[in-house]
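Note: the block below is upload-v5.cif and it holds mmCIF, C-alpha atoms.
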```cif
data_query
#
loop_
_atom_site.label_atom_id
_atom_site.label_comp_id
_atom_site.auth_asym_id
_atom_site.auth_seq_id
_atom_site.Cartn_x
_atom_site.Cartn_y
_atom_site.Cartn_z
CA MET F 26 0.00 0.00 0.00
CA LYS F 27 1.13 3.49 -0.76
CA ILE F 28 1.14 6.32 1.76
CA VAL F 29 -0.67 9.09 -0.05
CA LYS F 30 -1.29 11.54 2.78
CA LYS F 31 -0.19 12.54 6.25
CA ALA F 32 -1.81 10.53 9.04
CA GLN F 33 -1.34 9.70 12.68
CA ALA F 34 -2.71 7.18 15.18
CA GLY F 35 -2.39 6.38 18.87
CA THR F 36 -2.11 8.44 22.03
CA MET F 37 0.59 9.65 24.41
CA GLN F 38 -0.78 7.62 27.32
CA SER F 39 1.52 5.12 28.98
CA SER F 40 1.59 1.66 27.33
CA ASP F 41 0.56 3.35 24.07
CA LEU F 42 2.42 4.98 21.18
CA MET F 43 1.92 7.62 18.51
CA VAL F 44 2.55 6.79 14.88
CA PHE F 45 3.08 9.57 12.31
CA LEU F 46 3.13 8.76 8.59
CA GLU F 47 3.94 11.01 5.65
CA PRO F 48 4.43 10.35 1.94
CA ALA F 49 8.13 10.11 0.88
CA GLU F 50 10.26 8.69 -1.94
CA THR F 51 12.06 6.20 0.30
CA LEU F 52 11.30 4.38 3.55
CA ASN F 53 12.62 6.17 6.61
CA VAL F 54 11.77 4.93 10.10
CA THR F 55 12.62 6.86 13.29
CA ILE F 56 11.77 5.63 16.76
CA GLU F 57 11.67 7.58 20.00
CA SER F 58 10.98 5.55 23.09
CA THR F 59 11.15 5.65 26.87
CA VAL F 60 12.64 2.16 26.61
CA LEU F 61 14.72 2.63 23.43
CA LYS F 62 17.89 1.24 24.96
CA GLN F 63 16.33 -2.04 26.07
CA PHE F 64 13.68 -2.57 23.39
CA GLY F 65 14.60 -0.36 20.43
CA ALA F 66 15.59 -3.27 18.22
CA LEU F 67 12.44 -5.25 19.03
CA ILE F 68 10.19 -2.25 18.34
CA ARG F 69 11.98 -1.71 15.03
CA ALA F 70 11.55 -5.38 14.09
CA LYS F 71 7.82 -5.21 14.82
CA VAL F 72 7.43 -1.98 12.84
CA ASP F 73 9.28 -3.48 9.86
CA GLU F 74 7.13 -6.62 10.03
CA VAL F 75 3.84 -4.66 9.98
CA LEU F 76 5.02 -2.33 7.19
CA ALA F 77 6.05 -5.36 5.11
CA LYS F 78 2.75 -7.11 5.80
CA HIS F 79 0.87 -4.12 4.40
CA GLY F 80 3.31 -3.66 1.52
CA VAL F 81 4.43 -0.20 2.61
CA GLU F 82 7.73 0.38 0.80
CA ALA F 83 8.12 4.14 1.05
CA GLY F 84 7.23 6.87 3.51
CA GLU F 85 8.33 8.84 6.53
CA VAL F 86 7.47 6.73 9.59
CA ARG F 87 7.86 8.32 12.99
CA ILE F 88 7.10 6.39 16.21
CA THR F 89 6.89 7.93 19.69
CA ASP F 90 6.60 5.00 22.05
CA ARG F 91 5.44 5.10 25.65
CA GLY F 92 6.20 1.51 26.55
CA ALA F 93 3.66 -0.18 24.24
CA LEU F 94 3.49 -3.96 23.87
CA ASP F 95 3.63 -5.64 20.46
CA TYR F 96 -0.13 -5.89 19.94
CA ALA F 97 -0.51 -2.11 20.47
CA ILE F 98 2.37 -1.30 18.10
CA GLU F 99 0.74 -3.48 15.47
CA ALA F 100 -2.74 -2.00 15.99
CA ARG F 101 -1.65 1.64 15.97
CA LEU F 102 0.56 1.21 12.93
CA GLU F 103 -2.25 -0.59 11.08
CA THR F 104 -4.67 2.22 11.88
CA ALA F 105 -2.18 4.86 10.73
CA ILE F 106 -1.55 2.94 7.48
CA MET F 107 -5.29 2.69 6.81
CA ARG F 108 -5.70 6.41 7.47
CA ALA F 109 -2.73 7.32 5.26
CA THR F 110 -3.73 5.14 2.33
CA GLU F 111 -7.49 5.50 2.04
CA GLY F 112 -8.86 7.64 -0.74
CA MET D 28 -27.26 -27.00 35.23
CA ALA D 29 -25.40 -27.23 31.96
CA GLY D 30 -24.25 -23.76 30.94
CA PHE D 31 -24.70 -22.21 34.39
CA LYS D 32 -22.22 -19.37 34.44
CA LEU D 33 -21.62 -17.02 37.32
CA ARG D 34 -22.02 -13.43 36.10
CA ARG D 35 -21.95 -11.28 39.21
CA SER D 36 -19.57 -8.63 37.93
CA LEU D 37 -19.33 -7.33 34.36
CA LEU D 38 -16.58 -4.72 34.20
CA TYR D 39 -16.46 -2.09 31.46
CA VAL D 40 -13.01 -1.45 30.02
CA PRO D 41 -12.47 1.42 27.52
CA GLY D 42 -11.53 0.03 24.11
CA ASN D 43 -8.95 2.63 23.17
CA MET D 44 -6.66 2.41 26.23
CA PRO D 45 -3.85 -0.15 26.08
CA SER D 46 -3.01 0.42 29.76
CA MET D 47 -6.51 -0.75 30.77
CA LEU D 48 -6.85 -3.54 28.19
CA GLN D 49 -3.59 -5.08 29.34
CA ASN D 50 -4.94 -5.39 32.87
CA ILE D 51 -7.94 -7.49 31.82
CA PRO D 52 -6.18 -10.79 32.63
CA ILE D 53 -5.61 -9.72 36.25
CA PHE D 54 -9.07 -8.28 37.06
CA ASN D 55 -10.99 -10.79 39.18
CA CYS D 56 -14.42 -9.99 37.72
CA ASP D 57 -16.57 -12.69 36.06
CA SER D 58 -16.87 -10.88 32.73
CA VAL D 59 -15.35 -7.92 30.95
CA ILE D 60 -17.17 -5.65 28.51
CA ILE D 61 -14.65 -3.97 26.24
CA ASP D 62 -16.28 -0.74 25.15
CA LEU D 63 -16.19 0.58 21.59
CA GLU D 64 -19.22 2.81 22.14
CA ASP D 65 -19.42 5.59 24.71
CA ALA D 66 -15.83 5.33 25.96
CA VAL D 67 -14.38 5.95 22.49
CA PRO D 68 -14.43 9.39 20.81
CA LEU D 69 -15.92 9.49 17.31
CA SER D 70 -12.53 10.25 15.72
CA GLU D 71 -10.97 7.08 17.23
CA LYS D 72 -13.60 4.43 16.39
CA ASP D 73 -11.35 2.83 13.75
CA ALA D 74 -8.30 2.87 16.02
CA ALA D 75 -10.14 1.35 18.99
CA ARG D 76 -11.57 -1.61 17.10
CA HIS D 77 -8.16 -2.52 15.69
CA LEU D 78 -6.55 -2.18 19.11
CA VAL D 79 -9.22 -4.45 20.65
CA LYS D 80 -8.80 -6.97 17.85
CA ARG D 81 -5.02 -7.15 18.31
CA PHE D 82 -5.39 -7.32 22.07
CA LEU D 83 -7.88 -10.21 21.89
CA MET D 84 -5.79 -12.12 19.36
CA ASN D 85 -2.84 -11.82 21.68
CA TYR D 86 -4.85 -12.82 24.79
CA THR D 87 -4.89 -16.56 24.22
CA ASP D 88 -4.81 -17.76 27.81
CA ARG D 89 -8.28 -16.46 28.62
CA ASN D 90 -9.52 -16.54 32.17
CA LYS D 91 -12.85 -14.73 32.03
CA GLU D 92 -15.79 -14.06 29.75
CA LEU D 93 -15.01 -11.40 27.14
CA LEU D 94 -17.80 -9.29 25.68
CA VAL D 95 -17.46 -6.35 23.32
CA ARG D 96 -19.89 -3.44 23.37
CA ILE D 97 -20.20 -2.39 19.76
CA ASN D 98 -21.70 0.83 18.47
CA PRO D 99 -25.42 0.66 17.67
CA LEU D 100 -26.13 -1.10 14.37
CA ASP D 101 -27.86 1.97 12.93
CA THR D 102 -24.61 3.98 13.18
CA LYS D 103 -21.88 3.78 10.55
CA TRP D 104 -19.55 2.05 13.04
CA GLY D 105 -21.64 -0.89 14.31
CA TYR D 106 -21.16 -3.28 11.38
CA GLU D 107 -17.48 -2.43 11.02
CA ASP D 108 -16.97 -3.15 14.74
CA LEU D 109 -18.30 -6.68 14.22
CA LYS D 110 -16.27 -7.24 11.09
CA VAL D 111 -12.98 -6.29 12.73
CA VAL D 112 -13.49 -7.74 16.22
CA LEU D 113 -15.30 -11.07 15.64
CA PRO D 114 -12.30 -12.84 14.02
CA ALA D 115 -10.53 -12.28 17.37
CA MET D 116 -13.20 -14.48 19.01
CA PRO D 117 -14.87 -12.58 21.83
CA ASP D 118 -17.49 -14.62 23.72
CA GLY D 119 -20.30 -12.26 22.90
CA ILE D 120 -21.57 -8.84 21.92
CA ARG D 121 -23.19 -6.31 24.18
CA LEU D 122 -25.74 -4.59 21.99
CA PRO D 123 -26.49 -1.01 23.06
CA LYS D 124 -29.91 0.54 22.51
CA ALA D 125 -31.62 -2.81 21.95
CA ASP D 126 -34.98 -1.08 21.76
CA THR D 127 -36.90 -3.64 19.72
CA PRO D 128 -36.76 -7.40 18.98
CA GLU D 129 -36.03 -6.53 15.33
CA ILE D 130 -32.73 -4.84 16.25
CA VAL D 131 -31.58 -7.95 18.10
CA GLU D 132 -32.75 -10.21 15.27
CA ARG D 133 -30.62 -8.16 12.90
CA LEU D 134 -27.56 -8.69 15.06
CA ASP D 135 -28.38 -12.40 15.30
CA THR D 136 -28.45 -12.67 11.50
CA LEU D 137 -25.16 -10.81 11.16
CA LEU D 138 -23.50 -13.03 13.76
CA THR D 139 -24.67 -16.14 11.90
CA GLU D 140 -23.17 -14.77 8.68
CA PHE D 141 -19.85 -14.07 10.39
CA GLU D 142 -19.85 -17.51 12.03
CA GLU D 143 -20.30 -19.13 8.62
CA GLU D 144 -17.52 -17.01 7.18
CA LEU D 145 -15.20 -17.74 10.10
CA GLU D 146 -16.18 -21.43 10.05
CA VAL D 147 -17.07 -21.58 13.72
CA GLU D 148 -20.08 -23.17 15.38
CA ILE D 149 -23.38 -21.32 14.77
CA GLY D 150 -24.41 -19.71 18.04
CA ARG D 151 -20.85 -19.34 19.29
CA PHE D 152 -21.20 -15.58 19.77
CA GLY D 153 -23.67 -14.66 22.52
CA ILE D 154 -25.77 -11.51 22.78
CA LEU D 155 -26.27 -9.31 25.83
CA PRO D 156 -28.90 -6.72 24.86
CA SER D 157 -29.00 -3.42 26.75
CA LEU D 158 -32.49 -2.30 27.65
CA GLU D 159 -31.82 1.36 28.17
CA SER D 160 -34.80 3.36 26.94
CA ALA D 161 -38.51 3.52 27.64
CA LEU D 162 -39.08 1.64 24.38
CA GLY D 163 -36.53 -1.05 25.25
CA VAL D 164 -38.09 -1.61 28.66
CA ILE D 165 -41.60 -1.84 27.17
CA ASN D 166 -40.33 -4.39 24.62
CA ALA D 167 -38.38 -6.44 27.20
CA VAL D 168 -40.41 -9.63 26.74
CA GLY D 169 -40.15 -9.59 22.96
CA ILE D 170 -36.45 -8.84 23.13
CA ALA D 171 -35.77 -11.70 25.58
CA ASN D 172 -37.39 -14.05 23.04
CA SER D 173 -35.82 -12.56 19.92
CA SER D 174 -32.68 -14.74 19.80
CA GLU D 175 -31.44 -17.95 21.36
CA ARG D 176 -28.02 -16.29 21.68
CA ILE D 177 -29.27 -14.08 24.50
CA PHE D 178 -27.90 -15.33 27.83
CA ALA D 179 -29.01 -12.36 29.93
CA LEU D 180 -30.81 -9.02 29.75
CA ALA D 181 -28.93 -5.93 30.91
CA PHE D 182 -30.69 -2.89 32.28
CA GLY D 183 -28.99 0.46 31.51
CA ALA D 184 -30.20 3.21 33.82
CA GLU D 185 -28.09 6.09 32.50
CA ASP D 186 -29.64 6.15 29.04
CA TYR D 187 -32.99 5.05 30.43
CA THR D 188 -33.27 8.08 32.72
CA ALA D 189 -32.19 10.28 29.80
CA SER D 190 -34.97 8.81 27.64
CA MET D 191 -37.43 9.42 30.50
CA GLU D 192 -36.18 13.00 30.93
CA ILE D 193 -35.56 12.39 34.63
CA GLU D 194 -32.59 12.42 37.00
CA ARG D 195 -31.18 9.28 38.57
CA SER D 196 -31.48 9.39 42.36
CA ARG D 197 -29.46 7.64 45.04
CA GLY D 198 -32.47 5.64 46.22
CA GLY D 199 -33.38 4.57 42.68
CA GLU D 200 -37.18 4.80 43.19
CA GLU D 201 -37.53 6.13 39.63
CA LEU D 202 -35.99 2.92 38.27
CA PHE D 203 -38.18 0.48 40.16
CA ASN D 204 -40.75 -0.29 37.46
CA ALA D 205 -38.20 -0.59 34.69
CA ARG D 206 -35.92 -2.82 36.78
CA THR D 207 -38.85 -5.09 37.56
CA ARG D 208 -40.06 -5.30 33.98
CA VAL D 209 -36.59 -6.27 32.71
CA LEU D 210 -36.44 -8.91 35.44
CA TRP D 211 -39.83 -10.40 34.59
CA ALA D 212 -38.81 -10.75 30.96
CA ALA D 213 -35.50 -12.40 31.90
CA LYS D 214 -36.99 -14.77 34.47
CA ALA D 215 -39.86 -15.76 32.19
CA LYS D 216 -37.32 -16.71 29.54
CA GLY D 217 -35.06 -18.44 32.08
CA ILE D 218 -32.04 -16.20 31.49
CA GLN D 219 -30.00 -13.98 33.79
CA ALA D 220 -30.66 -10.32 34.59
CA VAL D 221 -27.80 -7.85 34.94
CA ASP D 222 -28.26 -4.54 36.72
CA THR D 223 -27.04 -1.13 35.60
CA ILE D 224 -23.74 0.57 36.48
CA PHE D 225 -23.19 2.63 39.62
CA ALA D 226 -21.22 5.62 38.41
CA ASP D 227 -19.82 7.09 41.65
CA VAL D 228 -16.60 5.14 42.17
CA SER D 229 -15.88 6.82 45.51
CA ASP D 230 -19.25 5.85 47.05
CA MET D 231 -18.83 2.21 48.08
CA GLU D 232 -21.71 2.40 50.55
CA GLY D 233 -24.05 3.57 47.79
CA LEU D 234 -22.79 0.80 45.52
CA ARG D 235 -23.43 -1.80 48.20
CA ALA D 236 -26.96 -0.51 48.89
CA GLU D 237 -27.85 -0.49 45.19
CA THR D 238 -26.40 -3.96 44.62
CA GLU D 239 -28.32 -5.30 47.63
CA LEU D 240 -31.52 -3.84 46.21
CA ALA D 241 -30.84 -5.40 42.81
CA LYS D 242 -30.15 -8.78 44.40
CA ARG D 243 -33.33 -8.61 46.50
CA LEU D 244 -35.35 -7.92 43.35
CA GLY D 245 -33.81 -10.90 41.53
CA TYR D 246 -30.80 -9.59 39.60
CA THR D 247 -27.83 -11.95 39.54
CA GLY D 248 -25.15 -9.52 38.41
CA LYS D 249 -24.15 -5.90 37.97
CA CYS D 250 -22.16 -3.87 35.47
CA LEU D 251 -19.18 -1.99 36.85
CA VAL D 252 -17.18 1.01 35.77
CA ASN D 253 -14.11 0.47 37.95
CA PRO D 254 -12.21 -2.61 39.17
CA ARG D 255 -12.43 -1.25 42.72
CA GLN D 256 -16.16 -2.05 42.63
CA ILE D 257 -15.66 -5.79 42.05
CA GLU D 258 -15.13 -6.81 45.66
CA VAL D 259 -18.30 -5.16 47.01
CA VAL D 260 -20.44 -6.68 44.28
CA HIS D 261 -19.02 -10.18 44.80
CA ASP D 262 -19.55 -9.85 48.51
CA VAL D 263 -23.22 -8.89 48.05
CA PHE D 264 -23.94 -11.68 45.57
CA ALA D 265 -22.17 -14.39 47.57
CA PRO D 266 -24.64 -16.55 49.52
CA LYS D 267 -24.33 -15.99 53.26
CA GLN D 268 -23.07 -18.92 55.33
CA HIS D 269 -26.39 -19.24 57.20
CA GLU D 270 -28.26 -19.34 53.86
CA VAL D 271 -26.03 -22.17 52.66
CA GLU D 272 -26.49 -24.12 55.89
CA TYR D 273 -30.25 -23.69 55.73
CA ALA D 274 -30.33 -24.78 52.08
CA LEU D 275 -28.41 -27.95 52.95
CA GLN D 276 -30.91 -28.66 55.73
CA VAL D 277 -33.80 -28.14 53.29
CA ILE D 278 -32.36 -30.69 50.84
CA GLU D 279 -31.80 -33.16 53.65
CA ALA D 280 -35.36 -32.62 54.94
CA ILE D 281 -37.00 -33.12 51.55
CA GLN D 282 -35.02 -36.31 50.97
CA ARG D 283 -36.26 -37.54 54.35
CA ALA D 284 -39.80 -36.58 53.36
CA ARG D 285 -39.58 -38.54 50.12
CA GLN D 286 -38.48 -41.62 52.03
CA LEU D 287 -41.71 -41.22 53.98
CA GLY D 288 -43.60 -40.99 50.73
CA THR D 289 -44.52 -37.30 50.96
CA GLY D 290 -43.44 -34.12 49.20
CA VAL D 291 -43.86 -31.82 52.15
CA ILE D 292 -42.22 -31.72 55.58
CA ALA D 293 -41.64 -29.29 58.44
CA LEU D 294 -38.17 -27.89 59.11
CA GLY D 295 -37.74 -25.79 62.25
CA GLY D 296 -41.48 -25.17 62.31
CA LYS D 297 -41.61 -24.00 58.66
CA MET D 298 -43.11 -25.87 55.74
CA VAL D 299 -40.69 -27.26 53.15
CA ASP D 300 -42.14 -28.19 49.76
CA ALA D 301 -41.17 -27.94 46.09
CA PRO D 302 -40.70 -24.11 45.75
CA VAL D 303 -38.61 -24.01 48.95
CA VAL D 304 -36.44 -26.83 47.60
CA LYS D 305 -36.04 -24.98 44.31
CA ARG D 306 -34.81 -21.85 46.10
CA ALA D 307 -32.44 -23.93 48.23
CA ALA D 308 -31.06 -25.58 45.10
CA ARG D 309 -30.36 -22.17 43.59
CA VAL D 310 -28.51 -21.06 46.74
CA LEU D 311 -26.42 -24.25 46.64
CA ARG D 312 -25.56 -23.85 42.96
CA THR D 313 -24.38 -20.30 43.59
CA ALA D 314 -22.52 -21.50 46.70
CA TYR D 315 -20.82 -24.18 44.61
CA ALA D 316 -19.74 -21.55 42.08
CA HIS D 317 -18.28 -19.55 44.98
CA GLY D 318 -16.46 -22.63 46.26
CA MET D 319 -18.51 -22.68 49.47
CA VAL D 320 -19.76 -26.27 49.03
CA ASP D 321 -17.83 -29.18 47.52
CA THR D 322 -20.48 -30.95 45.49
CA LEU D 323 -22.90 -29.73 42.89
CA ILE D 324 -26.49 -30.57 43.72
CA ASP D 325 -28.07 -33.01 41.24
CA GLU D 326 -31.49 -32.85 39.67
CA GLU D 327 -32.71 -35.92 41.55
CA ALA D 328 -32.07 -34.22 44.89
CA ILE D 329 -34.17 -31.29 43.75
CA HIS D 330 -37.08 -33.09 42.13
CA GLY D 331 -36.85 -36.63 43.53
CA ALA D 332 -36.67 -39.87 41.47
CA GLN D 333 -39.55 -40.44 39.07
#
```

I need this file expressed as structure tokens, please.
Amino acid sequence: MKIVKKAQAGTMQSSDLMVFLEPAETLNVTIESTVLKQFGALIRAKVDEVLAKHGVEAGEVRITDRGALDYAIEARLETAIMRATEG
Amino acid sequence: MAGFKLRRSLLYVPGNMPSMLQNIPIFNCDSVIIDLEDAVPLSEKDAARHLVKRFLMNYTDRNKELLVRINPLDTKWGYEDLKVVLPAMPDGIRLPKADTPEIVERLDTLLTEFEEELEVEIGRFGILPSLESALGVINAVGIANSSERIFALAFGAEDYTASMEIERSRGGEELFNARTRVLWAAKAKGIQAVDTIFADVSDMEGLRAETELAKRLGYTGKCLVNPRQIEVVHDVFAPKQHEVEYALQVIEAIQRARQLGTGVIALGGKMVDAPVVKRAARVLRTAYAHGMVDTLIDEEAIHGAQ
């Protein structure tokens, strides 16, 4: 799926995350997290997995994480992708 | 006895809050109602249903009944809620504003379609209709009979008082007729009745008084807005030790009576016959579910051998 417009999903509550998406020529993922040191790599792996599952190959992807578990990362990213790709 | 399920406490959990959803496994309530309706702002309906879906799919080691309150089916969100959440296998759907039997029948049809699509047993998803308007209360009997998926009727006083253009009072006198009508419909159909929420989380005394009233009338459970309310509600619905002891004596007395070839006997100066035995059996079943007695009473003890 192609990111055609700016979109965001999630909240800044604890155990949640905010996902910001913007159209771009290449794929660029940045992650900010309260637990970046311990879990940065795992968050990145989950983000990559969900992007691949939805066929997102290009876009500016910005994640602000507040200690979210995998299911929440997946859900918020999915919602953001749907919002950024729908006509 | 088959299918008897204790539903004393049904706790609402907002659908768009990971911090609350993640605590569901540790709440000691009997059921949880994950809310996609009133607790979710209009702009986040899509986000909440996907969050709930992912949460449920991840929650494989389930330890309580999981219901999802969808948006009403006449809104643009209701159908989409079902479509996204049902593949994650909740136990049932709480249907808000179940004002007429036709609304429930519509949900029943949709659930059947989804069950066929998901290749699960027809009837797997239960329905808990909310009677929360003057119209819903008037139609209670028809609603109770509108689908075999309905395992209980839930009374919703907040919307009901709004539809009546009245305020909800601490004593609850204004709810008496509606509460009773919902109960009659549930009891006549042989299903459970679940009382409305008590919104003031700091007023435990008020919660206890309202739960005691609901229990006296015949309700077997209550909806809750905060996990702190669980303990009070369980305490009220638990049979008291003296009730359990009396019920055991009743069963013993009626068995003695049957040996004498009669269906009626005196116990402590009071008559014991079939309706008394039936009430005692209900106390003992609830006591068993609370772990207060070791054995489950059998049908023969209640009705005698043919």

For chain F, list the residues within 6 Å of chain D, counting only C-alpha atoms, and write the list as an MDAnalysis selection string. chainID F and resid 40:41 96 100 104

Skip Leu52 in chain F itself and residues of its chain fewer than 4 positions away, then list as a PyMOL selection string all residues within 9 Å of it, counting only C-alpha atoms. chain F and resi 81-86

Which one of F:Thr59, F:Arg69, F:Ala109, F:Lys78 sits closest to Met37 in chain F if you count only C-alpha atoms? F:Thr59

Show which residues sit within 9 Å of Leu180 in chain D, as a PyMOL selection string. Count only C-alpha atoms, and ignore same-chain residues fewer than 5 positions away. chain D and resi 154-158+167+170-171+209-210+212-213+218-222

Could you name the residues that touch range 292-309 of chain D at 10 Å or less, counting all atoms listed in the file, but leaving out those on the same chain fewer than 4 positions away, as a ChimeraX atom specification? /D:266,270-285,287,313-315,323-326,328-330

What is the CA of Leu102 in chain F-CA of Ser39 in chain F distance in Å, reported with one decimal?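 These atoms are spaced 16.5 Å apart.
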
Which neighbours of Arg108 in chain F fall inside 10 Å, counting all atoms listed in the file, when residues of the same chain fewer than 3 positions from it are skipped, and could you give them as a PDB file with C-alpha atoms, in the frame of the given file?
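That gives us around-v8.pdb:
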```
ATOM      1  CA  ILE F  28       1.140   6.320   1.760  1.00  0.00           C
ATOM      2  CA  VAL F  29      -0.670   9.090  -0.050  1.00  0.00           C
ATOM      3  CA  LYS F  30      -1.290  11.540   2.780  1.00  0.00           C
ATOM      4  CA  LYS F  31      -0.190  12.540   6.250  1.00  0.00           C
ATOM      5  CA  ALA F  32      -1.810  10.530   9.040  1.00  0.00           C
ATOM      6  CA  GLN F  33      -1.340   9.700  12.680  1.00  0.00           C
ATOM      7  CA  ALA F  34      -2.710   7.180  15.180  1.00  0.00           C
ATOM      8  CA  LEU F  46       3.130   8.760   8.590  1.00  0.00           C
ATOM      9  CA  LEU F 102       0.560   1.210  12.930  1.00  0.00           C
ATOM     10  CA  GLU F 103      -2.250  -0.590  11.080  1.00  0.00           C
ATOM     11  CA  THR F 104      -4.670   2.220  11.880  1.00  0.00           C
ATOM     12  CA  ALA F 105      -2.180   4.860  10.730  1.00  0.00           C
ATOM     13  CA  GLU F 111      -7.490   5.500   2.040  1.00  0.00           C
ATOM     14  CA  GLY F 112      -8.860   7.640  -0.740  1.00  0.00           C
TER      15      GLY F 112
ATOM     16  CA  ASP D  73     -11.350   2.830  13.750  1.00  0.00           C
ATOM     17  CA  ALA D  74      -8.300   2.870  16.020  1.00  0.00           C
TER      18      ALA D  74
END
```

For the atom pair CA of Gly105 in chain D and CA of His79 in chain F, what is the interatomic distance in Å to one decimal place? 24.8 Å

Hits of the PyMOL selection byres ((chain D and resi 190) around 9) in this structure, as number ranges by chain: D: 159-162, 185-189, 191-193
